[in-house]
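**Q** So here's final_22.json (JSON, C-alpha atoms).
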```
[["chain", "number", "residue", "atom", "x", "y", "z"],
["A", 1, "MET", "CA", -43.92, -39.00, -36.99],
["A", 2, "PHE", "CA", -41.16, -37.43, -34.87],
["A", 3, "PHE", "CA", -38.57, -38.13, -37.60],
["A", 4, "LEU", "CA", -40.82, -36.70, -40.31],
["A", 5, "LYS", "CA", -41.52, -33.60, -38.20],
["A", 6, "LYS", "CA", -37.82, -32.94, -37.74],
["A", 7, "LEU", "CA", -37.03, -33.62, -41.39],
["A", 8, "LEU", "CA", -39.76, -31.26, -42.60],
["A", 9, "SER", "CA", -38.69, -28.50, -40.24],
["A", 10, "ILE", "CA", -35.11, -28.72, -41.53],
["A", 11, "MET", "CA", -36.28, -28.59, -45.14],
["A", 12, "LEU", "CA", -38.32, -25.45, -44.41],
["A", 13, "MET", "CA", -35.46, -23.58, -42.75],
["A", 14, "PRO", "CA", -34.59, -20.27, -44.48],
["A", 15, "LEU", "CA", -31.13, -21.35, -45.61],
["A", 16, "SER", "CA", -32.42, -24.63, -47.05],
["A", 17, "LEU", "CA", -35.18, -22.82, -48.95],
["A", 18, "THR", "CA", -32.73, -20.19, -50.19],
["A", 19, "LEU", "CA", -30.34, -22.78, -51.60],
["A", 20, "LEU", "CA", -33.25, -24.61, -53.21],
["A", 21, "VAL", "CA", -34.50, -21.42, -54.89],
["A", 22, "LEU", "CA", -31.00, -20.59, -56.14],
["A", 23, "LEU", "CA", -30.47, -24.11, -57.42],
["A", 24, "PHE", "CA", -33.69, -24.10, -59.42],
["A", 25, "GLY", "CA", -32.89, -20.65, -60.75],
["A", 26, "LEU", "CA", -29.50, -21.80, -62.02],
["A", 27, "LEU", "CA", -31.03, -24.90, -63.56],
["A", 28, "PHE", "CA", -33.52, -22.79, -65.50],
["A", 29, "LEU", "CA", -30.77, -20.39, -66.62],
["A", 30, "TRP", "CA", -28.31, -23.06, -67.75],
["A", 31, "PHE", "CA", -30.48, -25.84, -69.08],
["A", 32, "THR", "CA", -33.79, -24.34, -70.28],
["A", 33, "ARG", "CA", -35.04, -21.44, -72.35],
["A", 34, "ARG", "CA", -37.05, -20.06, -69.44],
["A", 35, "GLN", "CA", -34.47, -17.39, -68.74],
["A", 36, "LYS", "CA", -36.90, -14.93, -67.19],
["A", 37, "LEU", "CA", -38.06, -17.47, -64.60],
["A", 38, "GLY", "CA", -34.46, -18.37, -63.88],
["A", 39, "LYS", "CA", -33.54, -14.72, -63.30],
["A", 40, "VAL", "CA", -36.54, -14.25, -61.00],
["A", 41, "LEU", "CA", -35.58, -17.27, -58.93],
["A", 42, "VAL", "CA", -31.93, -16.27, -58.65],
["A", 43, "THR", "CA", -32.92, -12.73, -57.69],
["A", 44, "ALA", "CA", -35.31, -14.09, -55.05],
["A", 45, "GLY", "CA", -32.61, -16.42, -53.72],
["A", 46, "VAL", "CA", -30.04, -13.63, -53.43],
["A", 47, "THR", "CA", -32.62, -11.40, -51.71],
["A", 48, "LEU", "CA", -33.36, -14.14, -49.19],
["A", 49, "LEU", "CA", -29.64, -14.63, -48.64],
["A", 50, "LEU", "CA", -29.15, -10.92, -47.97],
["A", 51, "ALA", "CA", -32.14, -10.84, -45.62],
["A", 52, "GLN", "CA", -30.66, -13.64, -43.56],
["A", 53, "SER", "CA", -27.08, -12.36, -43.55],
["A", 54, "TYR", "CA", -28.20, -8.91, -42.33],
["A", 55, "GLY", "CA", -31.10, -10.12, -40.17],
["A", 56, "TRP", "CA", -33.76, -8.16, -42.08],
["A", 57, "GLY", "CA", -37.08, -9.16, -40.57],
["A", 58, "PHE", "CA", -35.62, -12.13, -38.74],
["A", 59, "LYS", "CA", -33.97, -10.19, -35.88],
["A", 60, "PRO", "CA", -37.12, -8.23, -34.94],
["A", 61, "ALA", "CA", -39.20, -11.41, -35.19],
["A", 62, "LEU", "CA", -36.88, -13.34, -32.88],
["A", 63, "GLN", "CA", -36.45, -10.41, -30.52],
["A", 64, "SER", "CA", -40.21, -10.22, -29.99],
["A", 65, "LEU", "CA", -40.10, -13.84, -28.79],
["A", 66, "GLU", "CA", -37.01, -13.39, -26.63],
["A", 67, "ARG", "CA", -38.35, -10.29, -24.86],
["A", 68, "GLU", "CA", -41.83, -11.66, -24.16],
["A", 69, "TYR", "CA", -40.78, -12.70, -20.65],
["A", 70, "PRO", "CA", -38.28, -10.71, -18.54],
["A", 71, "PRO", "CA", -35.15, -12.38, -17.18],
["A", 72, "LEU", "CA", -35.43, -13.76, -13.66],
["A", 73, "THR", "CA", -32.63, -12.05, -11.75],
["A", 74, "VAL", "CA", -33.76, -13.02, -8.26],
["A", 75, "VAL", "CA", -36.16, -15.81, -7.33],
["A", 76, "PRO", "CA", -39.20, -14.31, -5.55],
["A", 77, "THR", "CA", -39.79, -15.56, -2.02],
["A", 78, "ALA", "CA", -43.56, -15.06, -1.95],
["A", 79, "VAL", "CA", -43.97, -18.51, -3.53],
["A", 80, "LYS", "CA", -42.03, -21.60, -2.50],
["A", 81, "TYR", "CA", -40.29, -22.98, -5.59],
["A", 82, "ARG", "CA", -38.98, -26.46, -4.96],
["A", 83, "TRP", "CA", -38.41, -27.44, -8.59],
["A", 84, "ILE", "CA", -36.11, -25.83, -11.17],
["A", 85, "VAL", "CA", -36.78, -27.38, -14.57],
["A", 86, "VAL", "CA", -34.11, -27.03, -17.25],
["A", 87, "LEU", "CA", -35.00, -28.07, -20.80],
["A", 88, "GLY", "CA", -32.20, -29.52, -22.89],
["A", 89, "GLY", "CA", -31.33, -27.87, -26.18],
["A", 90, "GLY", "CA", -29.07, -30.36, -27.90],
["A", 91, "THR", "CA", -26.02, -32.50, -27.17],
["A", 92, "TYR", "CA", -23.17, -33.94, -29.21],
["A", 93, "SER", "CA", -21.94, -37.49, -28.62],
["A", 94, "ASP", "CA", -18.25, -36.89, -29.46],
["A", 95, "GLU", "CA", -16.51, -38.07, -26.30],
["A", 96, "ALA", "CA", -13.14, -36.87, -27.62],
["A", 97, "ILE", "CA", -14.03, -33.30, -26.64],
["A", 98, "PRO", "CA", -14.73, -31.90, -23.15],
["A", 99, "LEU", "CA", -18.21, -32.28, -21.69],
["A", 100, "HIS", "CA", -18.95, -28.56, -21.63],
["A", 101, "SER", "CA", -18.21, -28.43, -25.37],
["A", 102, "ARG", "CA", -20.47, -31.40, -26.11],
["A", 103, "LEU", "CA", -23.46, -29.48, -24.83],
["A", 104, "SER", "CA", -24.90, -27.13, -27.44],
["A", 105, "GLN", "CA", -24.81, -23.41, -26.71],
["A", 106, "ASP", "CA", -28.50, -23.61, -25.81],
["A", 107, "SER", "CA", -28.05, -26.51, -23.38],
["A", 108, "LEU", "CA", -24.99, -24.95, -21.76],
["A", 109, "ALA", "CA", -26.62, -21.54, -21.26],
["A", 110, "ARG", "CA", -29.79, -23.11, -19.90],
["A", 111, "LEU", "CA", -27.86, -25.31, -17.47],
["A", 112, "VAL", "CA", -25.77, -22.40, -16.17],
["A", 113, "GLU", "CA", -28.96, -20.41, -15.54],
["A", 114, "GLY", "CA", -30.54, -23.42, -13.83],
["A", 115, "VAL", "CA", -27.54, -23.88, -11.54],
["A", 116, "ARG", "CA", -27.54, -20.15, -10.74],
["A", 117, "LEU", "CA", -31.19, -20.32, -9.68],
["A", 118, "TYR", "CA", -30.58, -23.58, -7.79],
["A", 119, "ARG", "CA", -28.03, -21.82, -5.61],
["A", 120, "GLN", "CA", -30.61, -19.18, -4.71],
["A", 121, "VAL", "CA", -33.31, -21.61, -3.56],
["A", 122, "LEU", "CA", -32.58, -23.63, -0.45],
["A", 123, "GLY", "CA", -33.70, -27.25, -0.78],
["A", 124, "ALA", "CA", -34.55, -27.02, -4.49],
["A", 125, "LYS", "CA", -34.44, -29.92, -6.91],
["A", 126, "LEU", "CA", -32.88, -29.47, -10.35],
["A", 127, "VAL", "CA", -34.91, -31.27, -13.02],
["A", 128, "LEU", "CA", -32.87, -31.82, -16.19],
["A", 129, "SER", "CA", -35.03, -32.80, -19.15],
["A", 130, "GLY", "CA", -34.12, -34.07, -22.61],
["A", 131, "GLY", "CA", -33.76, -37.48, -24.19],
["A", 132, "GLU", "CA", -31.57, -38.80, -26.97],
["A", 133, "VAL", "CA", -32.38, -37.63, -30.51],
["A", 134, "PHE", "CA", -30.87, -39.44, -33.51],
["A", 135, "GLY", "CA", -27.89, -40.82, -31.60],
["A", 136, "SER", "CA", -26.70, -37.47, -30.26],
["A", 137, "GLY", "CA", -26.85, -38.54, -26.62],
["A", 138, "ALA", "CA", -29.41, -37.56, -23.99],
["A", 139, "ASP", "CA", -29.33, -33.89, -23.00],
["A", 140, "ALA", "CA", -30.37, -34.76, -19.44],
["A", 141, "VAL", "CA", -27.48, -37.17, -18.92],
["A", 142, "ALA", "CA", -24.83, -34.75, -20.20],
["A", 143, "MET", "CA", -26.31, -31.83, -18.27],
["A", 144, "ARG", "CA", -26.44, -33.90, -15.09],
["A", 145, "GLU", "CA", -22.75, -34.79, -15.36],
["A", 146, "LEU", "CA", -21.75, -31.17, -15.89],
["A", 147, "ALA", "CA", -24.07, -29.95, -13.12],
["A", 148, "VAL", "CA", -22.33, -32.26, -10.67],
["A", 149, "GLN", "CA", -18.96, -30.92, -11.85],
["A", 150, "LEU", "CA", -20.29, -27.41, -11.19],
["A", 151, "GLY", "CA", -21.05, -28.31, -7.59],
["A", 152, "VAL", "CA", -24.69, -29.40, -7.62],
["A", 153, "ASN", "CA", -25.47, -32.15, -5.13],
["A", 154, "PRO", "CA", -26.26, -35.32, -7.16],
["A", 155, "ALA", "CA", -29.09, -36.06, -4.71],
["A", 156, "ASP", "CA", -30.77, -32.82, -5.80],
["A", 157, "ILE", "CA", -30.85, -33.75, -9.50],
["A", 158, "VAL", "CA", -33.77, -35.45, -11.23],
["A", 159, "THR", "CA", -33.28, -36.46, -14.87],
["A", 160, "ASP", "CA", -35.76, -37.03, -17.66],
["A", 161, "ALA", "CA", -33.71, -38.77, -20.34],
["A", 162, "VAL", "CA", -36.79, -39.99, -22.25],
["A", 163, "SER", "CA", -38.59, -36.98, -23.72],
["A", 164, "GLN", "CA", -37.67, -35.94, -27.26],
["A", 165, "ASP", "CA", -39.68, -32.73, -27.62],
["A", 166, "THR", "CA", -41.16, -29.92, -25.53],
["A", 167, "GLU", "CA", -44.65, -31.39, -25.55],
["A", 168, "THR", "CA", -43.40, -34.65, -23.99],
["A", 169, "GLN", "CA", -41.20, -32.78, -21.52],
["A", 170, "ALA", "CA", -44.25, -30.87, -20.27],
["A", 171, "VAL", "CA", -46.21, -34.05, -19.66],
["A", 172, "ILE", "CA", -43.35, -35.79, -17.83],
["A", 173, "VAL", "CA", -42.61, -32.75, -15.66],
["A", 174, "GLN", "CA", -46.28, -32.43, -14.70],
["A", 175, "GLN", "CA", -46.32, -36.08, -13.62],
["A", 176, "LEU", "CA", -43.26, -35.38, -11.48],
["A", 177, "VAL", "CA", -44.22, -32.11, -9.79],
["A", 178, "GLY", "CA", -48.02, -32.30, -9.76],
["A", 179, "ASN", "CA", -49.49, -28.96, -8.68],
["A", 180, "GLU", "CA", -46.26, -27.57, -7.22],
["A", 181, "PRO", "CA", -44.90, -24.44, -8.93],
["A", 182, "VAL", "CA", -41.66, -24.65, -10.92],
["A", 183, "LEU", "CA", -39.06, -22.30, -12.31],
["A", 184, "LEU", "CA", -38.88, -23.09, -16.03],
["A", 185, "VAL", "CA", -35.51, -22.52, -17.69],
["A", 186, "THR", "CA", -35.07, -22.60, -21.46],
["A", 187, "SER", "CA", -33.76, -20.35, -24.21],
["A", 188, "ALA", "CA", -35.50, -16.98, -24.40],
["A", 189, "SER", "CA", -36.65, -17.68, -27.96],
["A", 190, "HIS", "CA", -38.11, -21.04, -26.90],
["A", 191, "MET", "CA", -39.84, -19.72, -23.79],
["A", 192, "SER", "CA", -43.11, -18.61, -25.39],
["A", 193, "ARG", "CA", -43.85, -22.05, -26.85],
["A", 194, "SER", "CA", -42.61, -23.82, -23.72],
["A", 195, "VAL", "CA", -44.80, -21.77, -21.38],
["A", 196, "GLY", "CA", -47.87, -22.50, -23.50],
["A", 197, "LEU", "CA", -47.21, -26.24, -23.69],
["A", 198, "PHE", "CA", -46.33, -26.57, -19.99],
["A", 199, "ARG", "CA", -49.40, -24.66, -18.87],
["A", 200, "LYS", "CA", -51.52, -26.73, -21.21],
["A", 201, "ALA", "CA", -50.13, -29.81, -19.45],
["A", 202, "GLY", "CA", -51.13, -28.33, -16.07],
["A", 203, "VAL", "CA", -47.75, -27.10, -14.84],
["A", 204, "VAL", "CA", -47.71, -23.99, -12.65],
["A", 205, "LEU", "CA", -44.58, -22.08, -13.58],
["A", 206, "LEU", "CA", -42.50, -18.94, -13.51],
["A", 207, "PRO", "CA", -40.42, -18.36, -16.70],
["A", 208, "ALA", "CA", -36.66, -17.99, -16.34],
["A", 209, "PRO", "CA", -35.36, -17.31, -19.88],
["A", 210, "ALA", "CA", -31.72, -17.77, -20.84],
["A", 211, "HIS", "CA", -29.49, -17.58, -23.93],
["A", 212, "TYR", "CA", -30.53, -14.48, -25.85],
["A", 213, "LEU", "CA", -29.47, -14.50, -29.51],
["A", 214, "VAL", "CA", -30.60, -10.98, -30.45],
["A", 215, "GLN", "CA", -28.39, -8.45, -28.71],
["A", 216, "ARG", "CA", -27.82, -4.89, -29.85],
["A", 217, "ASN", "CA", -24.94, -2.55, -29.04],
["A", 218, "ALA", "CA", -25.58, 1.11, -28.26],
["A", 219, "GLY", "CA", -23.06, 2.38, -30.82],
["A", 220, "PHE", "CA", -22.34, 1.62, -34.46],
["A", 221, "ARG", "CA", -19.53, -0.78, -35.32],
["A", 222, "PRO", "CA", -17.89, -1.07, -38.75],
["A", 223, "ALA", "CA", -18.88, -4.74, -38.75],
["A", 224, "ASP", "CA", -22.55, -3.71, -38.68],
["A", 225, "ALA", "CA", -22.28, -2.67, -42.33],
["A", 226, "PHE", "CA", -21.31, -6.18, -43.44],
["A", 227, "PRO", "CA", -23.04, -9.59, -43.44],
["A", 228, "ASP", "CA", -22.88, -11.49, -40.17],
["A", 229, "SER", "CA", -22.65, -15.27, -39.95],
["A", 230, "ASN", "CA", -24.47, -15.15, -36.60],
["A", 231, "ALA", "CA", -27.45, -13.62, -38.40],
["A", 232, "PHE", "CA", -28.02, -16.96, -40.12],
["A", 233, "THR", "CA", -28.43, -18.58, -36.71],
["A", 234, "VAL", "CA", -30.98, -15.92, -35.79],
["A", 235, "ALA", "CA", -32.91, -16.54, -39.02],
["A", 236, "GLN", "CA", -32.89, -20.31, -38.49],
["A", 237, "ARG", "CA", -34.04, -19.98, -34.88],
["A", 238, "ALA", "CA", -36.80, -17.50, -35.71],
["A", 239, "ALA", "CA", -38.20, -19.76, -38.43],
["A", 240, "TYR", "CA", -37.91, -22.85, -36.21],
["A", 241, "GLU", "CA", -39.74, -21.31, -33.25],
["A", 242, "TYR", "CA", -42.54, -19.72, -35.27],
["A", 243, "MET", "CA", -43.10, -22.99, -37.13],
["A", 244, "GLY", "CA", -43.19, -24.78, -33.79],
["A", 245, "ILE", "CA", -45.77, -22.34, -32.46],
["A", 246, "LEU", "CA", -47.87, -22.70, -35.60],
["A", 247, "TRP", "CA", -47.71, -26.50, -35.43],
["A", 248, "ALA", "CA", -48.76, -26.48, -31.77],
["A", 249, "LYS", "CA", -51.68, -24.13, -32.53],
["A", 250, "LEU", "CA", -52.86, -26.30, -35.41],
["A", 251, "ARG", "CA", -52.95, -29.25, -33.00],
["A", 252, "GLY", "CA", -54.83, -27.26, -30.37],
["A", 253, "LEU", "CA", -51.96, -27.25, -27.88],
["A", 254, "LEU", "CA", -51.61, -23.47, -27.90],
["A", 255, "SER", "CA", -54.29, -20.81, -27.95]]
```
Just give me the structure as structure tokens.
**A**
Amino acid sequence: MFFLKKLLSIMLMPLSLTLLVLLFGLLFLWFTRRQKLGKVLVTAGVTLLLAQSYGWGFKPALQSLEREYPPLTVVPTAVKYRWIVVLGGGTYSDEAIPLHSRLSQDSLARLVEGVRLYRQVLGAKLVLSGGEVFGSGADAVAMRELAVQLGVNPADIVTDAVSQDTETQAVIVQQLVGNEPVLLVTSASHMSRSVGLFRKAGVVLLPAPAHYLVQRNAGFRPADAFPDSNAFTVAQRAAYEYMGILWAKLRGLLS
């Protein structure tokens, strides 16, 4: 089921759908007499490609997720937070490159934020969560190694190298912390779904979002008039998160 879920989500990504629409359009144009249908499909594919390359619709959609919870600059002292939970966001298993480069941008940004918060809270434990997915290596293991290199006391690190998705991470963390409140660190775009799943599992938490993909400059740059390769990442992430939220709602895990 986990494999099928991941496979289906990849197939439904905007870029995959765009290439599929373009491919069918070209097939109709070159090999059939249904020229009108072929032109419609090619036009639709190009429109989708433009929407992704400029961020039309996708940037506002992702920004609404990323700005749902404010960044946590300073840990409040009114509540005693003993646990800082960092959710992994992907790891590569290529040992020929440095450890910090083997962590995905998501995992690296989340870990840095987790370590920053750890240094603010005396006596806190850093919970690093994320198991191995399709031979890529466990996020928790790689993050733990880098956290130690960044000066975190190994005795203060707890790893969950088993969970493969956010739903499982929530259950495992709840079993670990019980009713104690936690600081939850994950990508800003992933925070909305994570908060819902963790609270559903019974975890008391304060969101600490990291790694914002949608960032706007005050002025206009010449590059703003041209397609942006980073916009494809925004489109992929927006589609992935909204599909994840929809899937969780269909299963009754989110209200």
**Q** When you count all atoms listed in the file, which of these residues is closest to Leu17 of chain A: A:Val185, A:Leu126, A:Leu254, A:Ala235?
**A**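 Closest residue, counting all atoms listed in the file: A:Ala235.
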**Q** Counting only C-alpha atoms, which of A:Leu246, A:Ala223, A:Val74, A:Val127 gets nearest to Ala155 of chain A?
**A** A:Val127
**Q** Quick check, in Å to one decimal: how far apart do atom CA of Gln164 of chain A and atom CA of Glu132 of chain A lie?
**A**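 Rounded to one decimal, the two atoms are 6.7 Å apart.
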**Q** Between atom CA of His211 of chain A and atom CA of Asp94 of chain A, what is the distance in Å, rounded to a tenth?
**A**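 Atom CA of His211 of chain A sits 23.0 Å away from atom CA of Asp94 of chain A.
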**Q** Give me, please, the distance in Å between atom CA of Val195 of chain A and atom CA of Gly252 of chain A, quoted to one decimal.
**A** 14.5 Å
**Q** Residues within 10 Å of segment 18-20 of chain A, please, as a PDB file with C-alpha atoms, keeping the file's coordinate frame. Count only C-alpha atoms; anything in the same chain fewer than 4 positions from it doesn't count.
**A**
```
ATOM      1  CA  MET A  11     -36.280 -28.590 -45.140  1.00  0.00           C
ATOM      2  CA  LEU A  12     -38.320 -25.450 -44.410  1.00  0.00           C
ATOM      3  CA  MET A  13     -35.460 -23.580 -42.750  1.00  0.00           C
ATOM      4  CA  PRO A  14     -34.590 -20.270 -44.480  1.00  0.00           C
ATOM      5  CA  PHE A  24     -33.690 -24.100 -59.420  1.00  0.00           C
ATOM      6  CA  GLY A  25     -32.890 -20.650 -60.750  1.00  0.00           C
ATOM      7  CA  LEU A  26     -29.500 -21.800 -62.020  1.00  0.00           C
ATOM      8  CA  LEU A  41     -35.580 -17.270 -58.930  1.00  0.00           C
ATOM      9  CA  VAL A  42     -31.930 -16.270 -58.650  1.00  0.00           C
ATOM     10  CA  ALA A  44     -35.310 -14.090 -55.050  1.00  0.00           C
ATOM     11  CA  GLY A  45     -32.610 -16.420 -53.720  1.00  0.00           C
ATOM     12  CA  VAL A  46     -30.040 -13.630 -53.430  1.00  0.00           C
ATOM     13  CA  THR A  47     -32.620 -11.400 -51.710  1.00  0.00           C
ATOM     14  CA  LEU A  48     -33.360 -14.140 -49.190  1.00  0.00           C
ATOM     15  CA  LEU A  49     -29.640 -14.630 -48.640  1.00  0.00           C
ATOM     16  CA  GLN A  52     -30.660 -13.640 -43.560  1.00  0.00           C
TER      17      GLN A  52
END
```
**Q** Just the residues within 9 Å of Gly196 of chain A, please, counting all atoms listed in the file, with nothing from its chain fewer than 4 positions along; format it as a PyMOL selection string.
**A** chain A and resi 191-192+200-201+253-255
**Q** With only C-alpha atoms as the atoms that count, which of A:Glu95, A:Gly55, A:Val112, A:Phe198 lies nearest to Leu184 of chain A?
**A**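 Closest residue, counting only C-alpha atoms: A:Phe198.
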**Q** Nearest to Pro154 of chain A among A:Val75, A:Ala231, A:Leu128, A:Ala248, with distances taken over all atoms listed in the file: which residue is it?
**A**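 Result for the nearest residue to Pro154 of chain A: A:Leu128.
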**Q** Please rebuild segment 55-66 of chain A with N, CA, C and O atoms and give the result as an mmCIF file, keeping the file's coordinate frame.
**A**
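Here's the written file selection-v6.cif:
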```
data_model
loop_
_atom_site.group_PDB
_atom_site.id
_atom_site.type_symbol
_atom_site.label_atom_id
_atom_site.label_comp_id
_atom_site.auth_asym_id
_atom_site.auth_seq_id
_atom_site.Cartn_x
_atom_site.Cartn_y
_atom_site.Cartn_z
ATOM 1 N N GLY A 55 -30.066 -10.001 -41.197
ATOM 2 C CA GLY A 55 -31.100 -10.120 -40.170
ATOM 3 C C GLY A 55 -32.361 -9.346 -40.474
ATOM 4 O O GLY A 55 -33.177 -9.128 -39.569
ATOM 5 N N TRP A 56 -32.565 -8.921 -41.730
ATOM 6 C CA TRP A 56 -33.760 -8.160 -42.080
ATOM 7 C C TRP A 56 -35.015 -8.973 -41.780
ATOM 8 O O TRP A 56 -35.214 -10.044 -42.328
ATOM 9 N N GLY A 57 -35.835 -8.486 -40.913
ATOM 10 C CA GLY A 57 -37.080 -9.160 -40.570
ATOM 11 C C GLY A 57 -36.905 -10.255 -39.542
ATOM 12 O O GLY A 57 -37.748 -10.421 -38.649
ATOM 13 N N PHE A 58 -35.819 -10.988 -39.634
ATOM 14 C CA PHE A 58 -35.620 -12.130 -38.740
ATOM 15 C C PHE A 58 -35.241 -11.671 -37.322
ATOM 16 O O PHE A 58 -35.727 -12.223 -36.331
ATOM 17 N N LYS A 59 -34.373 -10.672 -37.209
ATOM 18 C CA LYS A 59 -33.970 -10.190 -35.880
ATOM 19 C C LYS A 59 -35.151 -9.621 -35.099
ATOM 20 O O LYS A 59 -35.350 -9.985 -33.931
ATOM 21 N N PRO A 60 -35.952 -8.729 -35.695
ATOM 22 C CA PRO A 60 -37.120 -8.230 -34.940
ATOM 23 C C PRO A 60 -38.096 -9.339 -34.561
ATOM 24 O O PRO A 60 -38.665 -9.314 -33.472
ATOM 25 N N ALA A 61 -38.265 -10.316 -35.478
ATOM 26 C CA ALA A 61 -39.200 -11.410 -35.190
ATOM 27 C C ALA A 61 -38.716 -12.243 -34.014
ATOM 28 O O ALA A 61 -39.498 -12.612 -33.129
ATOM 29 N N LEU A 62 -37.416 -12.528 -33.985
ATOM 30 C CA LEU A 62 -36.880 -13.340 -32.880
ATOM 31 C C LEU A 62 -36.834 -12.525 -31.596
ATOM 32 O O LEU A 62 -37.098 -13.047 -30.509
ATOM 33 N N GLN A 63 -36.513 -11.249 -31.716
ATOM 34 C CA GLN A 63 -36.450 -10.410 -30.520
ATOM 35 C C GLN A 63 -37.804 -10.315 -29.825
ATOM 36 O O GLN A 63 -37.878 -10.283 -28.596
ATOM 37 N N SER A 64 -38.882 -10.287 -30.602
ATOM 38 C CA SER A 64 -40.210 -10.220 -29.990
ATOM 39 C C SER A 64 -40.498 -11.471 -29.172
ATOM 40 O O SER A 64 -41.209 -11.400 -28.161
ATOM 41 N N LEU A 65 -39.953 -12.620 -29.578
ATOM 42 C CA LEU A 65 -40.100 -13.840 -28.790
ATOM 43 C C LEU A 65 -39.210 -13.800 -27.552
ATOM 44 O O LEU A 65 -39.642 -14.152 -26.446
ATOM 45 N N GLU A 66 -37.969 -13.356 -27.729
ATOM 46 C CA GLU A 66 -37.010 -13.390 -26.630
ATOM 47 C C GLU A 66 -37.361 -12.396 -25.517
ATOM 48 O O GLU A 66 -37.013 -12.618 -24.354
#
```
